[in-house]
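Participant: Next up, entry-v8.csv (CSV, C-alpha atoms).
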chain,number,residue,atom,x,y,z
F,1,MET,CA,-86.3,3.2,-16.7
F,2,LYS,CA,-88.9,0.6,-17.7
F,3,ALA,CA,-88.1,-1.5,-14.6
F,4,VAL,CA,-88.4,1.5,-12.3
F,5,SER,CA,-91.7,2.3,-13.9
F,6,ILE,CA,-93.0,-1.2,-13.4
F,7,ILE,CA,-91.7,-1.3,-9.8
F,8,SER,CA,-93.4,2.0,-9.1
F,9,ILE,CA,-96.7,0.7,-10.4
F,10,ILE,CA,-96.5,-2.5,-8.4
F,11,TYR,CA,-95.2,-0.8,-5.2
F,12,GLY,CA,-97.8,2.0,-5.4
F,13,SER,CA,-100.6,-0.5,-6.1
F,14,ILE,CA,-99.8,-2.8,-3.3
F,15,VAL,CA,-99.5,0.0,-0.7
F,16,LEU,CA,-102.5,1.8,-2.0
F,17,ILE,CA,-104.6,-1.4,-1.8
F,18,SER,CA,-103.4,-2.1,1.7
F,19,ALA,CA,-104.2,1.4,2.8
F,20,ILE,CA,-107.7,1.3,1.3
F,21,ILE,CA,-108.4,-2.1,2.8
F,22,SER,CA,-107.2,-1.1,6.2
F,23,LEU,CA,-109.6,1.8,6.5
F,24,PRO,CA,-112.8,-0.2,7.0
F,25,ILE,CA,-110.9,-2.7,9.1
F,26,ILE,CA,-109.7,0.1,11.4
F,27,TYR,CA,-113.2,1.4,11.7
F,28,ILE,CA,-114.6,-2.0,12.6
F,29,GLU,CA,-111.8,-2.5,15.2
F,30,LYS,CA,-112.6,0.9,16.7
F,31,ILE,CA,-116.3,-0.1,17.1
F,32,VAL,CA,-115.3,-3.4,18.7
F,33,PHE,CA,-112.6,-2.0,21.0
F,34,GLU,CA,-114.9,0.8,22.3
F,35,ARG,CA,-117.0,-2.0,23.9
F,36,ILE,CA,-114.2,-3.5,26.0
F,37,PRO,CA,-114.5,-2.6,29.7
F,38,ALA,CA,-111.6,-1.3,31.8
F,39,MET,CA,-109.8,-4.1,33.6
F,40,SER,CA,-107.1,-4.4,36.3
F,41,HIS,CA,-103.8,-6.0,35.6
F,42,GLY,CA,-102.8,-6.7,39.2
F,43,PHE,CA,-100.5,-3.7,39.7
F,44,GLY,CA,-103.0,-1.4,41.2
F,45,ASN,CA,-103.9,0.4,38.0
F,46,SER,CA,-106.8,-0.4,35.8
F,47,ILE,CA,-106.3,-0.6,32.0
F,48,ASN,CA,-108.8,1.1,29.7
F,49,MET,CA,-108.2,-1.0,26.6
F,50,SER,CA,-110.9,0.8,24.7
F,51,GLU,CA,-109.3,4.1,25.3
F,52,ILE,CA,-105.8,2.8,24.2
F,53,PHE,CA,-107.1,1.2,21.1
F,54,SER,CA,-109.5,4.0,20.2
F,55,ASN,CA,-106.6,6.4,20.4
F,56,MET,CA,-104.5,4.2,18.1
F,57,LEU,CA,-107.3,3.7,15.7
F,58,ASP,CA,-108.1,7.5,15.6
F,59,LYS,CA,-104.6,8.1,14.6
F,60,MET,CA,-104.6,5.4,12.0
F,61,ILE,CA,-107.7,6.9,10.4
F,62,ILE,CA,-105.7,10.0,9.8
F,63,VAL,CA,-102.4,8.5,8.5
F,64,MET,CA,-103.8,5.8,6.2
F,65,PRO,CA,-105.6,8.1,3.8
F,66,LEU,CA,-102.4,10.1,3.4
F,67,GLN,CA,-100.6,7.0,2.6
F,68,ALA,CA,-103.2,6.0,0.0
F,69,ILE,CA,-102.9,9.4,-1.7
F,70,ILE,CA,-99.1,9.3,-1.8
F,71,ASN,CA,-99.1,5.8,-3.3
F,72,LEU,CA,-101.8,6.7,-5.8
F,73,LEU,CA,-99.4,9.4,-7.0
F,74,LEU,CA,-96.6,6.8,-7.2
F,75,LEU,CA,-98.9,4.5,-9.2
F,76,ILE,CA,-99.8,7.3,-11.6
F,77,SER,CA,-96.1,8.3,-11.9
F,78,GLY,CA,-95.2,4.7,-12.8
F,79,ILE,CA,-97.8,4.7,-15.6
F,80,LYS,CA,-96.7,8.0,-16.9
F,81,MET,CA,-93.0,6.9,-16.9
F,82,LEU,CA,-93.9,3.7,-18.7
F,83,LYS,CA,-95.5,5.9,-21.4
F,84,LYS,CA,-92.2,8.0,-21.5
F,85,ASN,CA,-93.9,11.1,-20.2
F,86,ASN,CA,-91.6,13.4,-18.3
F,87,ILE,CA,-94.3,14.4,-15.8
F,88,GLY,CA,-94.1,10.9,-14.5
F,89,ILE,CA,-90.6,11.6,-13.2
F,90,THR,CA,-91.8,14.7,-11.5
F,91,TYR,CA,-94.7,12.8,-9.9
F,92,ALA,CA,-92.4,10.0,-8.8
F,93,LYS,CA,-90.1,12.6,-7.1
F,94,TYR,CA,-93.0,14.2,-5.3
F,95,ALA,CA,-94.3,10.8,-4.3
F,96,ALA,CA,-90.9,9.8,-2.9
F,97,ILE,CA,-90.5,13.0,-1.0
F,98,PHE,CA,-94.0,12.8,0.4
F,99,SER,CA,-93.5,9.1,1.4
F,100,ILE,CA,-90.4,10.0,3.4
F,101,ILE,CA,-92.2,13.0,5.1
F,102,TRP,CA,-95.2,10.7,5.7
F,103,TYR,CA,-93.1,8.2,7.5
F,104,ILE,CA,-91.4,10.8,9.7
F,105,PHE,CA,-94.9,12.1,10.5
F,106,TYR,CA,-96.2,8.6,11.2
F,107,SER,CA,-93.2,7.9,13.4
F,108,VAL,CA,-93.7,10.9,15.6
F,109,TYR,CA,-97.5,10.7,15.6
F,110,MET,CA,-97.7,7.1,16.6
F,111,LYS,CA,-95.1,7.2,19.4
F,112,SER,CA,-97.7,7.7,22.1
F,113,VAL,CA,-99.5,4.6,20.9
F,114,PHE,CA,-96.5,2.3,20.9
F,115,VAL,CA,-95.2,3.5,24.2
F,116,GLY,CA,-98.7,3.7,25.8
F,117,MET,CA,-99.4,0.0,25.0
F,118,PHE,CA,-96.4,-1.2,26.8
F,119,SER,CA,-96.7,1.2,29.7
F,120,MET,CA,-99.8,-0.6,30.9
F,121,ASN,CA,-97.5,-2.9,32.9
F,122,PRO,CA,-94.6,-1.4,34.9
F,123,ILE,CA,-92.4,-4.4,34.0
F,124,PHE,CA,-92.8,-3.8,30.3
F,125,GLY,CA,-92.9,0.1,30.5
F,126,SER,CA,-89.2,0.6,29.6
F,127,ILE,CA,-89.4,-2.0,26.8
F,128,GLY,CA,-92.1,0.0,25.1
F,129,GLU,CA,-89.9,2.8,24.1
F,130,GLY,CA,-87.1,0.5,23.0
F,131,PHE,CA,-89.6,-1.5,20.9
F,132,TYR,CA,-90.9,1.7,19.4
F,133,TYR,CA,-87.4,2.8,18.3
F,134,VAL,CA,-86.5,-0.6,16.9
F,135,SER,CA,-89.8,-0.9,15.0
F,136,ILE,CA,-89.6,2.7,13.6
F,137,ILE,CA,-86.0,2.1,12.4
F,138,LEU,CA,-86.8,-1.3,10.8
F,139,GLY,CA,-90.1,0.1,9.4
F,140,GLY,CA,-88.2,3.1,8.1
F,141,VAL,CA,-85.8,0.9,6.2
F,142,PHE,CA,-88.7,-0.8,4.4
F,143,ALA,CA,-90.9,2.3,4.0
F,144,CYS,CA,-88.2,4.7,2.8
F,145,ALA,CA,-85.8,2.5,0.9
F,146,TYR,CA,-87.7,2.7,-2.5
F,147,PRO,CA,-88.5,6.4,-2.2
F,148,VAL,CA,-84.9,7.2,-1.4
F,149,PHE,CA,-83.8,5.1,-4.3
F,150,LEU,CA,-86.2,6.9,-6.6
F,151,LEU,CA,-84.9,10.3,-5.5
F,152,PHE,CA,-81.3,9.3,-6.3
F,153,TYR,CA,-82.1,7.4,-9.5
F,154,LEU,CA,-84.5,10.0,-11.0
F,155,ASN,CA,-82.3,13.0,-10.1
F,156,LYS,CA,-81.1,13.6,-13.6
F,157,LYS,CA,-83.3,11.3,-15.7
F,158,SER,CA,-85.5,12.4,-18.5
F,159,PHE,CA,-87.0,10.9,-21.6
Here is a file; write its structure as structure tokens.

Facilitator:
Amino acid sequence: MKAVSIISIIYGSIVLISAIISLPIIYIEKIVFERIPAMSHGFGNSINMSEIFSNMLDKMIIVMPLQAIINLLLLISGIKMLKKNNIGITYAKYAAIFSIIWYIFYSVYMKSVFVGMFSMNPIFGSIGEGFYYVSIILGGVFACAYPVFLLFYLNKKSF
């Protein structure tokens, strides 16, 4: 149980820090990309990069704080479990469930961004959806592996 507690602290801290650091970066990117003019890619349609990136960044500003909150809960649960407090197990279970729900929400919410970025060019339009599904599946393996492990491991654990 000590190893799971330490891993929860490390995992929660790393993802929490990355979510917190990404918020100002996203905001700065939004400001920069809003200034990019529309341009033509030679297929008769003009691309409004600022609109595409602004849409993506607006969505990221919503999903990143949720990720930070969930991983703060995971960090707290790791500390509580390390101190052999049963509430830490409950917090870890909630953090794991919310992580999985967050990733499903993220996957659905961000589909328009991934597919939209590739649909700018008719040649790559069909690749966009395939790229989206591959990245969501691979990302799901990394984002949900530890939460799923926690749910199974902590199912009947107590101190």

Participant: Please indicate the distance in Å from atom CA of Val4 of chain F to atom CA of Phe142 of chain F, rounded to one decimal place.

Facilitator: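 So the answer is 16.9 Å.
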
Participant: Quote the spacing between atom CA of Gly88 of chain F and atom CA of Leu74 of chain F in Å to one decimal place.

Facilitator: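 Computed distance, atom CA of Gly88 of chain F to atom CA of Leu74 of chain F, equals 8.7 Å.
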
Participant: Between F:Ile17, F:Ile70, F:Leu23, F:Val63, which has the minimum distance to Ala92 of chain F (counting all atoms listed in the file)?

Facilitator: F:Ile70

Participant: Which of these, F:Gly12, F:Pro24, F:Pro65, F:Gly130, has the shortest distance to Tyr146 of chain F once you count all atoms listed in the file?

Facilitator: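 Checking each of F:Gly12, F:Pro24, F:Pro65, F:Gly130 against Tyr146 of chain F, counting all atoms listed in the file, the winner is F:Gly12.
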
Participant: Between atom CA of Ser77 of chain F and atom CA of Ile89 of chain F, what is the distance in Å, rounded to a tenth?

Facilitator: 6.5 Å

Participant: So, counting only C-alpha atoms, which residue among F:Leu73, F:Ile6, F:Leu151, F:Met60 is closest to Glu29 of chain F?

Facilitator: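 Nearest candidate to Glu29 of chain F out of F:Leu73, F:Ile6, F:Leu151, F:Met60: F:Met60.
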
Participant: Taking 4 positions as the minimum chain separation for residues in the same chain, which residues sit within 8 Å of Ile136 of chain F when counting only C-alpha atoms? Answer as a ChimeraX atom specification.

Facilitator: /F:107,132,140

Participant: Identify which of the residues F:Ile100, F:Ile127, F:Cys144, F:Ile10 lies closest to Leu75 of chain F, counting only C-alpha atoms when measuring atom-to-atom distances.

Facilitator: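 Answer, going by the shortest atom-to-atom distance: F:Ile10.
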
Participant: Measuring between all atoms listed in the file, which one of F:Pro147, F:Lys111, F:Asn55, F:Lys80 shows the shortest distance to Ile97 of chain F?

Facilitator: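 The shortest atom-to-atom distance to Ile97 of chain F comes from F:Pro147.
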
Participant: Which residue is closest to Phe98 of chain F? Choose from F:Ser8, F:Gln67, F:Ser112, F:Ser13 and count only C-alpha atoms.

Facilitator: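 For Phe98 of chain F, the nearest of the given residues is F:Gln67.
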
Participant: Need to verify the contact set: Leu82 of chain F, 8 Å, only C-alpha atoms, exclusion of same-chain residues closer than 5 positions in sequence. Can you return it as a list in words?

Facilitator: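 Counting only the stated atoms, we get Met1, Lys2, Ser5 and Ile6 of chain F.
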
Participant: So that I can see what lies close to Leu66 of chain F, please list as a ChimeraX atom specification the residues with an atom at most 9 Å from it, counting all atoms listed in the file and leaving out residues fewer than 4 positions away in the same chain.

Facilitator: /F:19,62,70-71,102

Participant: Write to file, as a compact mmCIF listing (two decimals), in the coordinates of the input, the residues of the selection just made, with C-alpha atoms.

Facilitator:
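File written: again.txt
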# COMPACT_ATOMS: atom_id res chain seq x y z
CA ALA F 19 -104.20 1.40 2.80
CA ILE F 62 -105.70 10.00 9.80
CA ILE F 70 -99.10 9.30 -1.80
CA ASN F 71 -99.10 5.80 -3.30
CA TRP F 102 -95.20 10.70 5.70

Participant: Near Thr90 of chain F, within 12 Å and counting all atoms listed in the file, which residues show up once chain neighbours fewer than 3 positions away are dropped, as a PyMOL selection string?

Facilitator: chain F and resi 73-74+76-78+80-81+85-87+93-97+150-151+154-159
